[in-house]
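Colleague: The structure's right below; bear with me while I get my questions together.
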Amino acid sequence: MQALWHLENIDVTHILCPNKLGDGERMAHHVHRHYAKGESFFVPDDEADRVFFITEGRVKISTMNEDGKEITKAILGKGEVFGELALVGEERRRDAAAALENTTVCVVTLAELRELMRERSDLNLFFMRIFGSRQLEMERRLESLVFRDSRSRIIEFLVELTRSRGERVGYEWVVRKPITHQEIANLTATSRQTVTTTLNDLRFKKLLTFNRSRLLIRDLDALTAEIRS
């Protein structure tokens, strides 16, 4: 299964997390930390001096607009990374990051990560792919906001979620622990009511079923055909 960011599997915990490293001296620089649901990792204007790798749980990345309204930029899960803009010159955080559920992260200081990147070319490639895929995703989301209606944005999100996190079971796809209706609304700039209405309509058409533990896509091609330009 691929990670949510968004076209690549970016799980490198085998490189960075302490229980996987064979060097006891280096292991001291990598810290596992546990965050309770709702707990903050950082807020805007915090010092950008470390990078986080999710080993369990989920994290919301958000920002505030000029009117003080929270805008969800991403919801990340196991195997994904955040805080990486520190590597390209971010001195103070521009976004906020908070745990959506009880979450465990591997925390790596910026200095230590740069040292590892000098030693391991695969880490440089890893972060290049992150920056590239996230830029493409932001462009895709902007185009969707401009050119698609609310219903189509929701369906397009479901299709991308299925392709990035789904497991194929015969002719169907399963996304386990899907995000909530409100989270989908936040990510697609729609309302929770519109998300619920759209999902119920797709269920009535027998294109999908869902509950709190899983989203089952019965026909991914047919679901994709529901997207209108």
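Following the order of the structure tokens, first chain is A, next is B, and so on, with residues numbered from 1 inside each chain and ligands from 1 in the order they appear.
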Could you pull the residues within 8 Å of segment 186-203 of chain A, counting only C-alpha atoms, minus those fewer than 2 positions along the same chain, as JSON, numbers by chain?
Modeller: {"A": [71, 72, 73, 74, 141, 145, 150, 151, 153, 154, 157, 181, 182, 183, 184, 205, 206, 207, 208, 209]}
Colleague: Those same residues - N, CA, C and O atoms - I'd like them written as an mmCIF file, in the first residue's frame.
Modeller:
```
data_model
loop_
_atom_site.group_PDB
_atom_site.id
_atom_site.type_symbol
_atom_site.label_atom_id
_atom_site.label_comp_id
_atom_site.auth_asym_id
_atom_site.auth_seq_id
_atom_site.Cartn_x
_atom_site.Cartn_y
_atom_site.Cartn_z
ATOM 1 N N ILE A 71 -7.499 26.199 7.448
ATOM 2 C CA ILE A 71 -7.523 25.518 6.159
ATOM 3 C C ILE A 71 -6.658 24.269 6.276
ATOM 4 O O ILE A 71 -5.468 24.361 6.601
ATOM 5 N N THR A 72 -7.246 23.109 6.053
ATOM 6 C CA THR A 72 -6.493 21.861 6.106
ATOM 7 C C THR A 72 -5.706 21.686 4.811
ATOM 8 O O THR A 72 -6.273 21.694 3.730
ATOM 9 N N LYS A 73 -4.403 21.528 4.933
ATOM 10 C CA LYS A 73 -3.551 21.355 3.761
ATOM 11 C C LYS A 73 -3.278 19.890 3.467
ATOM 12 O O LYS A 73 -3.105 19.506 2.314
ATOM 13 N N ALA A 74 -3.210 19.063 4.505
ATOM 14 C CA ALA A 74 -2.931 17.636 4.294
ATOM 15 C C ALA A 74 -3.273 16.861 5.548
ATOM 16 O O ALA A 74 -3.249 17.399 6.662
ATOM 17 N N ARG A 141 -4.769 20.159 -6.733
ATOM 18 C CA ARG A 141 -5.852 20.652 -5.883
ATOM 19 C C ARG A 141 -6.313 22.034 -6.319
ATOM 20 O O ARG A 141 -7.514 22.336 -6.304
ATOM 21 N N LEU A 145 -10.087 23.031 -7.603
ATOM 22 C CA LEU A 145 -10.890 24.106 -7.028
ATOM 23 C C LEU A 145 -11.410 25.052 -8.105
ATOM 24 O O LEU A 145 -12.531 25.561 -8.021
ATOM 25 N N SER A 150 -18.332 21.071 -6.488
ATOM 26 C CA SER A 150 -18.080 20.438 -5.194
ATOM 27 C C SER A 150 -18.162 18.921 -5.277
ATOM 28 O O SER A 150 -17.297 18.208 -4.744
ATOM 29 N N ARG A 151 -19.194 18.407 -5.926
ATOM 30 C CA ARG A 151 -19.385 16.959 -6.020
ATOM 31 C C ARG A 151 -18.206 16.303 -6.729
ATOM 32 O O ARG A 151 -17.685 15.279 -6.282
ATOM 33 N N ARG A 153 -15.152 17.451 -6.999
ATOM 34 C CA ARG A 153 -13.942 17.529 -6.176
ATOM 35 C C ARG A 153 -13.915 16.409 -5.154
ATOM 36 O O ARG A 153 -12.868 15.807 -4.896
ATOM 37 N N ILE A 154 -15.064 16.131 -4.564
ATOM 38 C CA ILE A 154 -15.137 15.053 -3.572
ATOM 39 C C ILE A 154 -14.843 13.706 -4.220
ATOM 40 O O ILE A 154 -14.068 12.897 -3.694
ATOM 41 N N PHE A 157 -11.232 13.354 -5.102
ATOM 42 C CA PHE A 157 -10.455 13.058 -3.894
ATOM 43 C C PHE A 157 -10.562 11.581 -3.532
ATOM 44 O O PHE A 157 -9.559 10.939 -3.186
ATOM 45 N N HIS A 181 -15.874 12.435 7.246
ATOM 46 C CA HIS A 181 -16.570 13.320 6.305
ATOM 47 C C HIS A 181 -16.088 14.762 6.461
ATOM 48 O O HIS A 181 -15.916 15.475 5.461
ATOM 49 N N GLN A 182 -15.879 15.190 7.702
ATOM 50 C CA GLN A 182 -15.422 16.557 7.918
ATOM 51 C C GLN A 182 -14.023 16.768 7.360
ATOM 52 O O GLN A 182 -13.719 17.827 6.791
ATOM 53 N N GLU A 183 -13.162 15.772 7.506
ATOM 54 C CA GLU A 183 -11.802 15.893 6.966
ATOM 55 C C GLU A 183 -11.823 15.954 5.447
ATOM 56 O O GLU A 183 -11.059 16.719 4.836
ATOM 57 N N ILE A 184 -12.690 15.164 4.816
ATOM 58 C CA ILE A 184 -12.828 15.240 3.359
ATOM 59 C C ILE A 184 -13.309 16.628 2.959
ATOM 60 O O ILE A 184 -12.811 17.231 1.992
ATOM 61 N N LYS A 205 -25.880 4.340 -5.809
ATOM 62 C CA LYS A 205 -25.530 3.873 -7.148
ATOM 63 C C LYS A 205 -24.689 2.596 -7.115
ATOM 64 O O LYS A 205 -24.275 2.103 -8.164
ATOM 65 N N LYS A 206 -24.406 2.094 -5.910
ATOM 66 C CA LYS A 206 -23.635 0.865 -5.698
ATOM 67 C C LYS A 206 -22.197 0.983 -6.212
ATOM 68 O O LYS A 206 -21.583 0.006 -6.639
ATOM 69 N N LEU A 207 -21.672 2.192 -6.134
ATOM 70 C CA LEU A 207 -20.277 2.408 -6.516
ATOM 71 C C LEU A 207 -19.337 2.241 -5.321
ATOM 72 O O LEU A 207 -18.147 1.976 -5.500
ATOM 73 N N LEU A 208 -19.871 2.413 -4.118
ATOM 74 C CA LEU A 208 -19.051 2.260 -2.924
ATOM 75 C C LEU A 208 -19.944 1.990 -1.717
ATOM 76 O O LEU A 208 -21.153 2.212 -1.755
ATOM 77 N N THR A 209 -19.318 1.505 -0.671
ATOM 78 C CA THR A 209 -19.929 1.427 0.650
ATOM 79 C C THR A 209 -18.893 1.920 1.651
ATOM 80 O O THR A 209 -17.688 1.928 1.357
#
```
Colleague: I want to know what sits within 9 Å of segment 35-40 of chain A, based on only C-alpha atoms, with residues of the same chain fewer than 4 positions away left out; could you give that as a count of residues only?
Modeller: 10
Colleague: Check the DSSP output for the backbone and give back, as number ranges by chain, the residues of segment 23-173 of chain A in strand (DSSP E).
Modeller: A: 30-35, 40-42, 50-56, 59-64, 70-76, 81-82, 96-99, 103-109, 167-169, 172-173
Colleague: Calculate how many Å separate atom CA of Arg50 of chain A from atom CA of Val88 of chain A, rounding to one decimal.
Modeller: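 These two atoms are separated by 12.2 Å.
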Colleague: In Å, how far is it from atom CA of Cys106 of chain A to atom CA of Gly83 of chain A?
Modeller: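 Value for the atom CA of Cys106 of chain A-atom CA of Gly83 of chain A distance: 11.9 Å.
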Colleague: Could you find all residues in segment 192-228 of chain A that DSSP calls helix (DSSP H, G or I) from the backbone, and write them as a ChimeraX atom specification?
Modeller: /A:192-204,220-225
Colleague: Tell me, as number ranges by chain, which residues lie within 10 Å of segment 217-225 of chain A, counting only C-alpha atoms; anything in the same chain fewer than 4 positions away does not count.
Modeller: A: 152, 155-156, 158-160, 162-163, 166, 168-175, 202-203, 205-210
Colleague: Tell me, as a list in words, which residues lie within 10 Å of Met64 of chain A, counting only C-alpha atoms; anything in the same chain fewer than 3 positions away does not count.
Modeller: Pro44, Asp67, Gly68, Lys69, Glu70, Ile71, Thr72, Arg94, Asp95 and Ala96 of chain A
Colleague: Please, could you write that set of residues out with N, CA and C atoms as an mmCIF file, in the first residue's frame?
Modeller:
```
data_model
loop_
_atom_site.group_PDB
_atom_site.id
_atom_site.type_symbol
_atom_site.label_atom_id
_atom_site.label_comp_id
_atom_site.auth_asym_id
_atom_site.auth_seq_id
_atom_site.Cartn_x
_atom_site.Cartn_y
_atom_site.Cartn_z
ATOM 1 N N PRO A 44 2.517 27.949 13.838
ATOM 2 C CA PRO A 44 3.239 28.979 13.080
ATOM 3 C C PRO A 44 4.154 29.816 13.960
ATOM 4 N N ASP A 67 -8.873 35.641 7.484
ATOM 5 C CA ASP A 67 -10.079 35.775 8.312
ATOM 6 C C ASP A 67 -10.025 34.894 9.557
ATOM 7 N N GLY A 68 -8.898 34.213 9.763
ATOM 8 C CA GLY A 68 -8.762 33.366 10.932
ATOM 9 C C GLY A 68 -9.395 31.997 10.782
ATOM 10 N N LYS A 69 -9.745 31.615 9.559
ATOM 11 C CA LYS A 69 -10.349 30.301 9.319
ATOM 12 C C LYS A 69 -9.255 29.275 9.046
ATOM 13 N N GLU A 70 -9.374 28.131 9.707
ATOM 14 C CA GLU A 70 -8.391 27.074 9.514
ATOM 15 C C GLU A 70 -8.592 26.397 8.161
ATOM 16 N N ILE A 71 -7.499 26.199 7.448
ATOM 17 C CA ILE A 71 -7.523 25.518 6.159
ATOM 18 C C ILE A 71 -6.658 24.269 6.276
ATOM 19 N N THR A 72 -7.246 23.109 6.053
ATOM 20 C CA THR A 72 -6.493 21.861 6.106
ATOM 21 C C THR A 72 -5.706 21.686 4.811
ATOM 22 N N ARG A 94 5.492 27.895 9.068
ATOM 23 C CA ARG A 94 4.377 28.650 8.500
ATOM 24 C C ARG A 94 3.046 27.946 8.753
ATOM 25 N N ASP A 95 3.098 26.628 8.947
ATOM 26 C CA ASP A 95 1.891 25.839 9.152
ATOM 27 C C ASP A 95 1.819 25.348 10.598
ATOM 28 N N ALA A 96 0.695 24.737 10.911
ATOM 29 C CA ALA A 96 0.521 24.058 12.195
ATOM 30 C C ALA A 96 0.392 22.567 11.934
#
```
Colleague: Excluding same-chain residues fewer than 2 positions from Arg93 of chain A, what lies within 7 Å of it counting only C-alpha atoms, as number ranges by chain?
Modeller: A: 43-48, 90-91, 95
Colleague: Restricting the output to N, CA and C atoms, write the selected residues as a CSV table (one decimal), in the first residue's frame.
Modeller:
```csv
chain,number,residue,atom,x,y,z
A,43,VAL,N,3.4,25.0,15.8
A,43,VAL,CA,2.4,26.1,15.4
A,43,VAL,C,3.2,27.1,14.6
A,44,PRO,N,2.5,27.9,13.8
A,44,PRO,CA,3.2,29.0,13.1
A,44,PRO,C,4.2,29.8,14.0
A,45,ASP,N,5.3,30.1,13.4
A,45,ASP,CA,6.4,30.9,14.0
A,45,ASP,C,7.3,30.1,15.0
A,46,ASP,N,7.0,28.8,15.2
A,46,ASP,CA,7.9,28.0,16.0
A,46,ASP,C,9.2,27.8,15.2
A,47,GLU,N,10.3,27.5,15.8
A,47,GLU,CA,11.5,27.3,15.2
A,47,GLU,C,11.5,26.0,14.3
A,48,ALA,N,11.9,26.1,13.1
A,48,ALA,CA,11.9,24.9,12.2
A,48,ALA,C,13.3,24.2,12.3
A,90,GLU,N,13.3,27.0,5.5
A,90,GLU,CA,12.3,27.5,6.4
A,90,GLU,C,12.9,27.6,7.8
A,91,GLU,N,13.0,28.8,8.4
A,91,GLU,CA,13.5,29.0,9.7
A,91,GLU,C,12.4,29.0,10.8
A,95,ASP,N,3.1,26.6,8.9
A,95,ASP,CA,1.9,25.8,9.2
A,95,ASP,C,1.8,25.3,10.6
```
Colleague: Nearest residue to Arg134 of chain A out of A:Arg114, A:Ile227, A:Phe82, A:Ser62, using only C-alpha atoms?
Modeller: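 Once distances to Arg134 of chain A are computed over only C-alpha atoms, the minimum belongs to A:Phe82.
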Colleague: Using Å and a single decimal, report how far atom CA of Asn65 of chain A sits from atom CA of Arg228 of chain A.
Modeller: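 Going from atom CA of Arg228 of chain A over to atom CA of Asn65 of chain A covers 28.4 Å.
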Colleague: Please determine, counting only C-alpha atoms, which residue among A:Leu123, A:Val51, A:Leu142, A:Val107 has the shortest atom-to-atom distance to Ala86 of chain A.
Modeller: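 Using only C-alpha atoms, Ala86 of chain A sits closest to A:Val51.
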